[in-house]
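Structure file model-v7.cif (mmCIF, C-alpha atoms and all ligand atoms) is printed below.
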data_target
#
loop_
_atom_site.label_atom_id
_atom_site.label_comp_id
_atom_site.auth_asym_id
_atom_site.auth_seq_id
_atom_site.Cartn_x
_atom_site.Cartn_y
_atom_site.Cartn_z
CA MET A 17 113.76 100.60 84.74
CA THR A 18 110.61 98.56 84.16
CA GLU A 19 107.47 100.12 85.46
CA ARG A 20 106.33 98.23 88.53
CA ALA A 21 102.98 97.64 90.18
CA TYR A 22 102.55 96.28 93.70
CA PHE A 23 99.82 93.70 94.35
CA ASP A 24 100.87 92.26 97.68
CA TRP A 25 99.00 94.52 100.08
CA ASN A 26 97.85 91.60 102.23
CA ALA A 27 101.50 90.90 103.00
CA THR A 28 102.23 94.52 103.80
CA ALA A 29 100.91 97.89 102.70
CA PRO A 30 103.06 100.90 101.87
CA LEU A 31 103.44 103.52 104.58
CA ARG A 32 100.75 106.20 104.52
CA ALA A 33 101.90 109.82 104.41
CA GLU A 34 100.00 110.47 107.65
CA ALA A 35 101.92 107.65 109.35
CA ARG A 36 105.28 108.89 108.09
CA ASP A 37 104.55 112.43 109.34
CA ALA A 38 103.48 111.17 112.76
CA MET A 39 106.56 108.94 113.00
CA LEU A 40 108.96 111.72 112.07
CA ALA A 41 107.38 113.96 114.68
CA ALA A 42 107.61 111.19 117.29
CA LEU A 43 111.24 110.42 116.43
CA ALA A 44 112.09 113.98 117.37
CA LEU A 45 110.75 113.44 120.90
CA PRO A 46 113.60 112.69 123.29
CA GLY A 47 111.58 111.42 126.26
CA ASN A 48 110.70 108.05 127.71
CA ALA A 49 106.91 107.86 128.02
CA SER A 50 107.23 106.65 131.62
CA SER A 51 109.15 109.76 132.72
CA VAL A 52 107.29 112.52 134.52
CA HIS A 53 109.13 115.47 132.99
CA SER A 54 107.84 117.43 130.00
CA GLU A 55 109.82 115.34 127.50
CA GLY A 56 108.40 112.15 128.95
CA ARG A 57 104.90 113.56 128.96
CA ALA A 58 105.19 114.53 125.30
CA ALA A 59 106.08 110.94 124.41
CA ARG A 60 103.20 109.72 126.57
CA GLN A 61 100.87 112.11 124.77
CA ALA A 62 101.91 110.71 121.37
CA ILE A 63 101.14 107.19 122.59
CA GLU A 64 97.79 108.11 124.11
CA ARG A 65 96.78 109.93 120.96
CA ALA A 66 97.53 106.79 118.97
CA ARG A 67 95.61 104.70 121.49
CA ALA A 68 92.52 106.85 120.96
CA GLN A 69 92.96 106.59 117.18
CA VAL A 70 93.18 102.80 117.29
CA ALA A 71 90.24 102.58 119.71
CA GLY A 72 88.27 104.79 117.31
CA LEU A 73 88.67 102.41 114.39
CA VAL A 74 87.11 99.52 116.31
CA GLY A 75 84.67 101.39 118.56
CA ALA A 76 86.49 100.40 121.75
CA GLN A 77 87.53 102.36 124.82
CA SER A 78 91.11 103.64 124.72
CA LYS A 79 91.96 101.98 128.04
CA ASN A 80 91.26 98.60 126.47
CA VAL A 81 93.88 98.98 123.72
CA THR A 82 97.27 97.34 124.41
CA PHE A 83 100.08 98.09 122.01
CA THR A 84 102.20 95.14 120.92
CA SER A 85 104.92 94.45 118.36
CA GLY A 86 102.27 93.31 115.87
CA ALA A 87 99.34 90.98 115.50
CA THR A 88 101.44 87.86 116.06
CA GLU A 89 102.17 89.11 119.55
CA GLY A 90 98.59 90.35 119.97
CA ASN A 91 97.32 86.89 119.12
CA MET A 92 99.75 85.26 121.54
CA LEU A 93 98.71 87.69 124.25
CA ALA A 94 95.03 86.94 123.70
CA LEU A 95 95.20 83.18 123.38
CA THR A 96 95.76 82.24 126.98
CA PRO A 97 93.68 80.22 129.42
CA ALA A 98 94.20 83.13 131.85
CA LEU A 99 91.31 85.24 130.57
CA GLU A 100 88.90 86.52 133.15
CA THR A 101 85.63 88.30 132.78
CA GLY A 102 84.03 90.46 135.44
CA ARG A 103 81.92 87.52 136.49
CA ARG A 104 84.35 84.63 136.24
CA LYS A 105 87.89 84.18 137.38
CA GLU A 106 88.30 80.54 136.28
CA PRO A 107 90.65 79.90 133.39
CA ARG A 108 89.41 79.06 129.90
CA ASP A 109 89.51 75.29 129.58
CA ARG A 110 89.73 74.81 125.79
CA LEU A 111 90.72 76.80 122.73
CA PHE A 112 88.96 76.38 119.40
CA VAL A 113 90.57 77.85 116.29
CA SER A 114 89.29 77.71 112.75
CA ALA A 115 91.22 75.67 110.21
CA VAL A 116 91.98 78.76 108.13
CA GLU A 117 93.63 80.88 110.83
CA HIS A 118 96.98 82.57 110.48
CA PRO A 119 99.83 80.43 111.91
CA SER A 120 100.04 82.76 114.93
CA VAL A 121 96.54 81.55 115.91
CA ARG A 122 96.64 78.04 114.46
CA GLY A 123 99.57 77.34 116.79
CA GLY A 124 97.20 77.60 119.76
CA GLY A 125 98.89 80.52 121.51
CA ARG A 126 99.59 79.76 125.14
CA PHE A 127 97.24 76.79 125.45
CA PRO A 128 98.69 73.31 125.88
CA ALA A 129 98.50 71.43 122.57
CA ASP A 130 95.98 68.91 123.94
CA ALA A 131 93.56 71.73 124.85
CA VAL A 132 93.30 73.05 121.29
CA ASP A 133 90.71 71.94 118.72
CA VAL A 134 90.52 72.93 115.08
CA LEU A 135 87.14 73.93 113.64
CA PRO A 136 86.36 72.78 110.10
CA VAL A 137 85.41 75.16 107.28
CA ASP A 138 83.33 74.61 104.16
CA SER A 139 84.58 74.74 100.57
CA GLU A 140 84.47 78.56 100.62
CA GLY A 141 86.48 78.68 103.83
CA ILE A 142 83.56 79.64 106.07
CA VAL A 143 83.49 78.16 109.58
CA ASP A 144 80.96 75.35 109.83
CA LEU A 145 78.49 76.77 112.35
CA ALA A 146 76.85 73.43 113.13
CA ALA A 147 80.27 71.89 113.85
CA LEU A 148 81.12 74.89 116.03
CA LYS A 149 78.02 74.31 118.15
CA VAL A 150 78.82 70.62 118.57
CA ALA A 151 82.49 71.31 119.37
CA LEU A 152 81.71 73.86 122.06
CA ALA A 153 79.67 71.32 123.97
CA ASN A 154 83.03 69.72 124.87
CA ALA A 155 84.16 72.67 126.95
CA GLU A 156 82.89 74.51 129.99
CA ARG A 157 84.60 77.83 129.39
CA PRO A 158 85.80 77.85 125.79
CA LEU A 159 87.86 80.47 124.04
CA VAL A 160 87.22 80.61 120.30
CA SER A 161 89.47 82.35 117.79
CA VAL A 162 88.15 83.06 114.29
CA MET A 163 89.61 85.61 111.92
CA LEU A 164 87.45 88.37 110.46
CA ALA A 165 88.85 87.91 106.95
CA ASN A 166 91.32 85.46 105.55
CA ASN A 167 94.72 86.73 104.41
CA GLU A 168 94.89 84.33 101.46
CA THR A 169 91.33 84.27 100.08
CA GLY A 170 89.87 87.43 101.60
CA VAL A 171 86.83 85.41 102.70
CA VAL A 172 84.91 87.16 105.49
CA GLN A 173 83.46 85.08 108.31
CA PRO A 174 79.88 85.52 109.57
CA MET A 175 81.21 87.02 112.79
CA ALA A 176 77.95 87.99 114.47
CA ALA A 177 76.50 84.48 114.01
CA ILE A 178 79.73 82.94 115.32
CA ALA A 179 79.70 85.30 118.31
CA ASP A 180 76.11 84.33 119.18
CA ILE A 181 77.01 80.64 119.21
CA VAL A 182 80.18 81.23 121.25
CA HIS A 183 78.48 83.40 123.84
CA ALA A 184 75.53 81.02 124.18
CA ALA A 185 78.10 78.34 125.09
CA ASN A 186 79.64 80.47 127.85
CA GLY A 187 82.57 81.18 125.56
CA LEU A 188 84.75 84.16 124.73
CA LEU A 189 85.56 85.16 121.16
CA HIS A 190 88.90 86.41 119.89
CA VAL A 191 88.90 87.89 116.40
CA ASP A 192 92.06 88.34 114.35
CA ALA A 193 90.91 91.42 112.46
CA VAL A 194 94.24 92.09 110.75
CA GLN A 195 93.03 91.79 107.17
CA GLY A 196 89.57 93.27 107.70
CA ALA A 197 90.68 96.43 109.48
CA GLY A 198 90.46 99.47 107.26
CA ARG A 199 88.74 97.47 104.54
CA ILE A 200 85.42 96.44 106.13
CA ASP A 201 83.61 97.44 109.29
CA CYS A 202 85.54 96.37 112.35
CA ASP A 203 83.42 97.58 115.24
CA ILE A 204 84.25 95.30 118.17
CA GLU A 205 80.67 95.26 119.45
CA ALA A 206 79.07 94.73 116.04
CA LEU A 207 81.43 91.79 115.48
CA GLY A 208 80.59 90.41 118.93
CA ALA A 209 84.30 90.08 119.70
CA ASP A 210 85.66 90.00 123.24
CA LEU A 211 89.23 90.42 122.03
CA LEU A 212 90.47 91.71 118.69
CA SER A 213 93.96 91.82 117.16
CA LEU A 214 95.22 94.47 114.76
CA SER A 215 98.44 94.92 112.81
CA SER A 216 99.83 98.30 111.87
CA HIS A 217 101.55 97.38 108.62
CA LYS A 218 98.43 96.11 106.90
CA LEU A 219 96.79 99.52 107.37
CA GLY A 220 99.62 101.72 106.14
CA GLY A 221 101.45 102.03 109.43
CA PRO A 222 104.97 100.77 110.09
CA GLN A 223 105.87 97.10 110.50
CA GLY A 224 106.49 95.94 114.05
CA ALA A 225 103.47 97.52 115.72
CA GLY A 226 100.00 96.27 116.48
CA ALA A 227 97.42 96.06 119.20
CA LEU A 228 95.21 93.74 121.16
CA VAL A 229 91.87 95.38 121.91
CA ARG A 230 89.56 94.09 124.63
CA CYS A 231 85.92 94.58 125.34
CA ASP A 232 85.26 96.22 128.64
CA GLY A 233 85.36 93.66 131.45
CA ILE A 234 87.78 91.23 129.80
CA HIS A 235 90.94 90.86 131.82
CA ILE A 236 94.18 89.10 130.84
CA ALA A 237 95.66 87.67 134.02
CA GLU A 238 98.90 86.44 132.40
CA PRO A 239 100.91 88.98 130.41
CA LEU A 240 103.18 87.64 127.70
CA ILE A 241 106.08 89.92 128.59
CA ARG A 242 106.74 90.94 132.18
CA GLY A 243 108.95 93.72 133.37
CA GLY A 244 108.51 97.40 133.91
CA GLY A 245 104.73 97.56 134.01
CA GLN A 246 104.16 99.42 130.75
CA GLU A 247 100.82 99.10 128.96
CA ARG A 248 98.98 98.63 132.27
CA ASN A 249 101.19 95.66 133.13
CA LEU A 250 100.11 93.82 129.98
CA ARG A 251 103.17 94.43 127.84
CA ALA A 252 106.38 95.42 129.53
CA GLY A 253 109.19 97.23 127.74
CA THR A 254 109.82 100.82 126.76
CA GLU A 255 107.27 101.74 124.13
CA ASN A 256 108.25 102.17 120.49
CA VAL A 257 106.77 105.66 120.39
CA ALA A 258 107.40 106.35 116.70
CA ALA A 259 105.92 103.04 115.55
CA ILE A 260 102.91 103.47 117.80
CA ALA A 261 102.36 107.05 116.60
CA GLY A 262 102.60 105.89 112.98
CA PHE A 263 100.18 103.05 113.65
CA GLY A 264 97.69 105.45 115.24
CA ALA A 265 97.87 107.93 112.38
CA ALA A 266 97.51 105.14 109.80
CA THR A 267 94.51 103.77 111.64
CA GLU A 268 92.76 107.11 111.65
CA ALA A 269 93.48 107.66 107.96
CA ALA A 270 92.33 104.13 107.10
CA GLY A 271 89.11 104.56 109.04
CA ARG A 272 88.35 107.90 107.41
CA ALA A 273 88.89 106.58 103.88
CA ARG A 274 87.53 103.07 104.42
CA LYS A 275 84.28 103.21 102.49
CA ALA A 276 85.67 105.08 99.50
CA ASP A 277 88.78 102.89 99.43
CA ALA A 278 86.72 99.70 99.59
CA LEU A 279 84.61 100.77 96.64
CA HIS A 280 87.69 101.79 94.65
CA MET A 281 89.46 98.48 95.33
CA ALA A 282 86.38 96.37 94.59
CA VAL A 283 85.92 97.98 91.17
CA LEU A 284 89.55 97.29 90.25
CA ARG A 285 89.58 93.78 91.70
CA ASP A 286 86.37 92.91 89.84
CA ARG A 287 87.83 94.28 86.63
CA PHE A 288 90.87 92.06 87.09
CA GLU A 289 88.78 88.96 87.83
CA ALA A 290 86.49 89.58 84.85
CA ALA A 291 89.52 89.82 82.54
CA LEU A 292 91.10 86.76 84.16
CA THR A 293 88.06 84.55 83.67
CA ALA A 294 87.50 85.86 80.13
CA GLN A 295 91.05 84.92 79.21
CA ALA A 296 91.19 81.68 81.21
CA PRO A 297 87.66 80.29 81.62
CA ASP A 298 88.98 77.38 83.68
CA ALA A 299 90.53 79.70 86.28
CA VAL A 300 89.32 78.94 89.79
CA ILE A 301 88.82 81.93 92.08
CA PHE A 302 88.90 80.65 95.64
CA GLY A 303 86.12 81.77 97.97
CA ALA A 304 84.35 83.59 95.14
CA LYS A 305 80.91 82.45 96.27
CA ALA A 306 81.41 83.87 99.77
CA GLU A 307 81.58 87.45 100.98
CA ARG A 308 85.15 88.58 100.42
CA LEU A 309 87.34 91.57 101.18
CA PRO A 310 87.13 94.11 98.36
CA ASN A 311 90.86 93.92 97.62
CA THR A 312 91.76 90.23 97.45
CA SER A 313 91.76 87.66 94.67
CA LEU A 314 93.25 84.21 95.09
CA PHE A 315 93.09 82.07 91.98
CA ALA A 316 94.67 79.15 90.18
CA ILE A 317 94.76 77.77 86.68
CA SER A 318 95.47 74.12 86.27
CA GLY A 319 98.95 73.54 84.90
CA LEU A 320 100.30 76.87 86.14
CA LYS A 321 102.77 76.63 89.02
CA ALA A 322 102.72 79.51 91.52
CA GLU A 323 106.43 79.44 92.23
CA THR A 324 107.48 80.00 88.61
CA ALA A 325 104.57 82.33 87.85
CA ILE A 326 105.46 84.66 90.72
CA ILE A 327 109.06 84.93 89.54
CA SER A 328 107.90 85.61 85.98
CA PHE A 329 105.47 88.26 87.21
CA ASP A 330 108.28 89.86 89.16
CA LEU A 331 110.51 89.97 86.08
CA ASN A 332 107.57 91.61 84.30
CA GLY A 333 107.32 94.33 86.95
CA ILE A 334 104.48 92.85 88.99
CA ALA A 335 104.60 91.93 92.69
CA VAL A 336 102.10 89.19 93.50
CA SER A 337 102.37 86.34 95.94
CA SER A 338 101.38 82.76 96.26
CA GLY A 339 98.41 82.35 98.54
CA ALA A 340 100.45 79.81 100.38
CA ALA A 341 102.55 80.52 103.40
CA CYS A 342 106.00 81.25 102.11
CA SER A 343 107.61 82.86 105.12
CA SER A 344 110.72 80.79 104.52
CA GLY A 345 110.82 81.95 100.91
CA LYS A 346 109.74 78.50 99.77
CA VAL A 347 106.18 78.00 98.60
CA GLN A 348 104.39 75.37 100.63
CA ILE A 349 100.95 74.04 100.00
CA SER A 350 98.39 76.35 101.59
CA SER A 351 96.77 74.98 104.75
CA VAL A 352 93.85 77.33 104.06
CA LEU A 353 93.15 75.77 100.66
CA THR A 354 93.71 72.29 102.08
CA ALA A 355 91.10 73.03 104.76
CA MET A 356 88.74 74.17 102.00
CA GLY A 357 89.18 70.80 100.32
CA VAL A 358 91.12 72.12 97.31
CA GLU A 359 93.04 69.41 95.54
CA GLY A 360 96.85 69.57 95.95
CA ASP A 361 97.97 70.42 92.42
CA LEU A 362 95.46 73.24 92.09
CA ALA A 363 96.29 74.58 95.56
CA ARG A 364 99.99 74.54 94.67
CA GLY A 365 99.23 76.88 91.78
CA ALA A 366 97.37 79.51 93.81
CA ILE A 367 98.38 83.09 93.13
CA ARG A 368 97.22 85.99 95.27
CA VAL A 369 96.63 89.46 93.91
CA SER A 370 95.88 91.94 96.67
CA LEU A 371 95.16 95.60 96.05
CA GLY A 372 95.26 98.75 98.14
CA TRP A 373 94.01 102.28 98.39
CA ASN A 374 96.39 103.70 95.83
CA THR A 375 96.18 100.90 93.27
CA THR A 376 95.23 102.51 89.94
CA GLU A 377 93.58 101.50 86.68
CA ALA A 378 97.03 101.78 85.12
CA ASP A 379 98.35 99.23 87.65
CA ILE A 380 95.60 96.81 86.60
CA ASP A 381 96.55 97.39 82.94
CA LEU A 382 100.15 96.49 83.78
CA LEU A 383 98.97 93.39 85.65
CA LEU A 384 96.78 92.23 82.78
CA ASN A 385 99.50 92.82 80.20
CA ALA A 386 101.99 90.92 82.31
CA TRP A 387 99.40 88.21 82.84
CA MET A 388 99.12 87.60 79.09
CA ARG A 389 102.89 87.35 78.71
CA VAL A 390 103.51 85.23 81.81
CA VAL A 391 100.70 82.77 81.36
CA SER A 392 101.13 82.16 77.67
CA SER A 393 104.89 81.65 77.99
CA LEU A 394 104.64 79.41 81.08
CA LEU A 395 101.83 77.28 79.73
CA LYS A 396 103.62 77.01 76.38
CA GLY A 397 106.81 75.91 78.18
CA GLN A 398 104.88 73.26 80.04
CA GLU A 399 103.18 72.04 76.87
CA LEU A 400 106.57 71.73 75.20
CA LYS A 401 107.93 69.80 78.18
CA GLY A 402 104.84 67.56 78.12
CA ALA A 403 105.28 66.98 74.38
CA ALA A 404 108.96 66.15 74.84
CA ARG A 405 108.08 63.68 77.58
CA ALA A 406 105.39 62.10 75.39
CA ALA A 407 107.78 61.81 72.43
N1 LIG T 501 96.96 87.54 111.26
C1 LIG T 501 96.78 87.66 109.95
C2 LIG T 501 95.45 87.30 109.36
C3 LIG T 501 97.79 88.14 109.13
O1 LIG T 501 97.59 88.26 107.82
C4 LIG T 501 99.03 88.50 109.72
C5 LIG T 501 100.17 89.03 108.88
N2 LIG T 501 100.51 88.21 107.80
C6 LIG T 501 99.18 88.35 111.11
C7 LIG T 501 98.13 87.87 111.84
C8 LIG T 501 100.46 88.69 111.80
O2 LIG T 501 100.62 90.09 111.89
P1 LIG T 501 102.04 90.75 112.20
O3 LIG T 501 102.80 90.75 110.93
O4 LIG T 501 101.69 92.14 112.67
O5 LIG T 501 102.67 89.97 113.28
#
As structure tokens, how would this structure be written, given the file I've shared?
Ligand code: PMP
Amino acid sequence: MTERAYFDWNATAPLRAEARDAMLAALALPGNASSVHSEGRAARQAIERARAQVAGLVGAQSKNVTFTSGATEGNMLALTPALETGRRKEPRDRLFVSAVEHPSVRGGGRFPADAVDVLPVDSEGIVDLAALKVALANAERPLVSVMLANNETGVVQPMAAIADIVHAANGLLHVDAVQGAGRIDCDIEALGADLLSLSSHKLGGPQGAGALVRCDGIHIAEPLIRGGGQERNLRAGTENVAAIAGFGAATEAAGRARKADALHMAVLRDRFEAALTAQAPDAVIFGAKAERLPNTSLFAISGLKAETAIISFDLNGIAVSSGAACSSGKVQISSVLTAMGVEGDLARGAIRVSLGWNTTEADIDLLLNAWMRVVSSLLKGQELKGAARAA
């Protein structure tokens, strides 16, 4: 079998050993966490342990962590007019989302479509702060949702500056911290976030778990799922104890290793990008002038199509993705790159390489070797086609 190397950590990360151990232990628990007997209390204990672990990663209080099925649900739970603060019970009147948000935020959550505005970004994908200030003047009690780091480019937003503007305008700030968590600092207070979404499977926990974390004093008056009153009435349904336990354990492990992992990934990512630009000087690395996550590289070379390149990489043992949304399996043009003003043909060629904590030098060697083979054969093929057309 061909040796393989995985470079799609922003799509999902492999399960951490700590998460697997915690899940196996939780799967052996027979109880329902709402039951009062010992078995039920043991399940409850596993959940509360995970809650403290998740709270620890973001510097929040455990009671303000609500477990969900993932960040998509966390985002939907957060993006509602029915947000109350200690002082104010009136609903939020408008939602502002940045143009580079994940579809689960871009969709506007539970706001009516005519109450949602999209905030422009600059050519690096950074929210235009002046435009944000102007936009917020159109609302009395705005809710703003800006991601900590972009899943395609890895570009990190100036969260504290955004939070200052939002709060000065009587607004609340929701931060989709899915891609930043475990890679850069995610302290809810330092970010200035009122609400923050996390996803388990980007941190080395299982898929299908996540959390919405609130600052103290933020109250969600409209749950997304009603029923048995679990998760303090915010998310009904019997808890997925094993997934939650795995998420908690992954979060703790990710937090403990964060700084060392970030350094390790940045060295390897920079090595890849240096080799890429040496070999293809016309390669465009998106967001390269901005602060980026240490693990992400989104790039394009004119004439190279992402769809064919990704298949060729795969045949050469390398898992990469297109930066574009391809949830349906079909590569579409990236709305993130469009918002950054990237021209269509170049955007269509964007390829994302995303690394993780156990990516090795040898993996980068495999990637670079495959790169040489894939790019030279694809570009040659296109040249031949072009020549045939010209003839
Ligand atoms: N936000 C961002 C930035 C993401 O990258 C993702 C996952 N692709 C999500 C939200 C959704 O997370 P989940 O898969 O847990 O629903």
Tell me, as a ChimeraX atom specification, which residues lie within 10 Å of Asp232 (chain A), counting all atoms listed in the file; anything in the same chain fewer than 3 positions away does not count. /A:76-77,79-80,101-102,210-211,229,235
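When only C-alpha atoms and all ligand atoms are used to measure the gap to ligand LIG 501 (chain T), the shortest distance among A:Asn374, A:Gln223, A:Asn256, A:Gln348 belongs to A:Gln223.
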Residue with smallest distance to Ser392 (chain A) - pool A:Asn166, A:Ser328, A:Thr293, A:Asn48, counting all atoms listed in the file: A:Ser328
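Taking CA of Val113 (chain A) and CA of Ala322 (chain A) as endpoints, the distance between them is 27.6 Å.
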Cut-off 7 Å, only C-alpha atoms and all ligand atoms, neighbours of ligand LIG 501 (chain T) as a PyMOL selection string: chain A and resi 26-27+85-89+117-118+120+163+166-167+192-195+215-217+223-226
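For Leu135 (chain A), the list of residues within 7 Å, based on only C-alpha atoms and with local chain neighbours fewer than 4 positions off taken out, reads Phe112, Val113, Ser114, Ala115, Val143 and Leu148 of chain A.
CA of Lys396 (chain A) sits 10.3 Å away from CA of Gly319 (chain A).
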Complete region 383-391 of chain A with all heavy atoms (output as an mmCIF file, keeping the file's coordinate frame).
data_model
loop_
_atom_site.group_PDB
_atom_site.id
_atom_site.type_symbol
_atom_site.label_atom_id
_atom_site.label_comp_id
_atom_site.auth_asym_id
_atom_site.auth_seq_id
_atom_site.Cartn_x
_atom_site.Cartn_y
_atom_site.Cartn_z
ATOM 1 N N LEU A 383 99.166 94.768 85.173
ATOM 2 C CA LEU A 383 98.970 93.390 85.650
ATOM 3 C C LEU A 383 98.408 92.520 84.529
ATOM 4 O O LEU A 383 98.884 91.404 84.295
ATOM 5 C CB LEU A 383 98.022 93.411 86.859
ATOM 6 C CG LEU A 383 97.550 92.061 87.395
ATOM 7 C CD1 LEU A 383 98.717 91.240 87.932
ATOM 8 C CD2 LEU A 383 96.519 92.258 88.526
ATOM 9 N N LEU A 384 97.413 93.040 83.827
ATOM 10 C CA LEU A 384 96.780 92.230 82.780
ATOM 11 C C LEU A 384 97.728 91.989 81.607
ATOM 12 O O LEU A 384 97.761 90.893 81.038
ATOM 13 C CB LEU A 384 95.475 92.896 82.323
ATOM 14 C CG LEU A 384 94.354 92.887 83.381
ATOM 15 C CD1 LEU A 384 93.157 93.702 82.908
ATOM 16 C CD2 LEU A 384 93.933 91.466 83.738
ATOM 17 N N ASN A 385 98.518 93.010 81.281
ATOM 18 C CA ASN A 385 99.500 92.820 80.200
ATOM 19 C C ASN A 385 100.537 91.775 80.584
ATOM 20 O O ASN A 385 100.873 90.892 79.794
ATOM 21 C CB ASN A 385 100.225 94.145 79.883
ATOM 22 C CG ASN A 385 99.309 95.090 79.130
ATOM 23 O OD1 ASN A 385 98.345 94.649 78.500
ATOM 24 N ND2 ASN A 385 99.579 96.383 79.225
ATOM 25 N N ALA A 386 101.003 91.890 81.833
ATOM 26 C CA ALA A 386 101.990 90.920 82.310
ATOM 27 C C ALA A 386 101.363 89.526 82.341
ATOM 28 O O ALA A 386 102.006 88.535 81.997
ATOM 29 C CB ALA A 386 102.478 91.312 83.702
ATOM 30 N N TRP A 387 100.125 89.486 82.744
ATOM 31 C CA TRP A 387 99.400 88.210 82.840
ATOM 32 C C TRP A 387 99.440 87.471 81.505
ATOM 33 O O TRP A 387 99.776 86.299 81.419
ATOM 34 C CB TRP A 387 97.959 88.513 83.277
ATOM 35 C CG TRP A 387 97.064 87.333 83.200
ATOM 36 C CD1 TRP A 387 96.110 87.092 82.262
ATOM 37 C CD2 TRP A 387 97.060 86.216 84.080
ATOM 38 N NE1 TRP A 387 95.511 85.894 82.507
ATOM 39 C CE2 TRP A 387 96.066 85.331 83.613
ATOM 40 C CE3 TRP A 387 97.792 85.872 85.212
ATOM 41 C CZ2 TRP A 387 95.797 84.123 84.242
ATOM 42 C CZ3 TRP A 387 97.520 84.670 85.837
ATOM 43 C CH2 TRP A 387 96.540 83.823 85.362
ATOM 44 N N MET A 388 99.123 88.212 80.427
ATOM 45 C CA MET A 388 99.120 87.600 79.090
ATOM 46 C C MET A 388 100.488 87.015 78.771
ATOM 47 O O MET A 388 100.605 85.894 78.293
ATOM 48 C CB MET A 388 98.781 88.645 78.011
ATOM 49 C CG MET A 388 97.385 89.207 78.131
ATOM 50 S SD MET A 388 96.164 87.899 77.895
ATOM 51 C CE MET A 388 94.677 88.830 77.915
ATOM 52 N N ARG A 389 101.538 87.806 79.054
ATOM 53 C CA ARG A 389 102.890 87.350 78.710
ATOM 54 C C ARG A 389 103.290 86.143 79.560
ATOM 55 O O ARG A 389 103.755 85.124 79.055
ATOM 56 C CB ARG A 389 103.898 88.487 78.943
ATOM 57 C CG ARG A 389 103.861 89.558 77.875
ATOM 58 C CD ARG A 389 105.109 90.438 77.957
ATOM 59 N NE ARG A 389 105.237 91.114 79.240
ATOM 60 C CZ ARG A 389 104.684 92.284 79.527
ATOM 61 N NH1 ARG A 389 103.969 92.918 78.625
ATOM 62 N NH2 ARG A 389 104.839 92.838 80.705
ATOM 63 N N VAL A 390 103.061 86.268 80.881
ATOM 64 C CA VAL A 390 103.510 85.230 81.810
ATOM 65 C C VAL A 390 102.789 83.920 81.540
ATOM 66 O O VAL A 390 103.416 82.873 81.370
ATOM 67 C CB VAL A 390 103.257 85.684 83.276
ATOM 68 C CG1 VAL A 390 103.433 84.523 84.254
ATOM 69 C CG2 VAL A 390 104.183 86.831 83.640
ATOM 70 N N VAL A 391 101.472 84.000 81.466
ATOM 71 C CA VAL A 391 100.700 82.770 81.360
ATOM 72 C C VAL A 391 100.949 82.085 80.024
ATOM 73 O O VAL A 391 101.180 80.873 79.980
ATOM 74 C CB VAL A 391 99.196 83.051 81.561
ATOM 75 C CG1 VAL A 391 98.373 81.819 81.290
ATOM 76 C CG2 VAL A 391 98.977 83.520 82.982
#
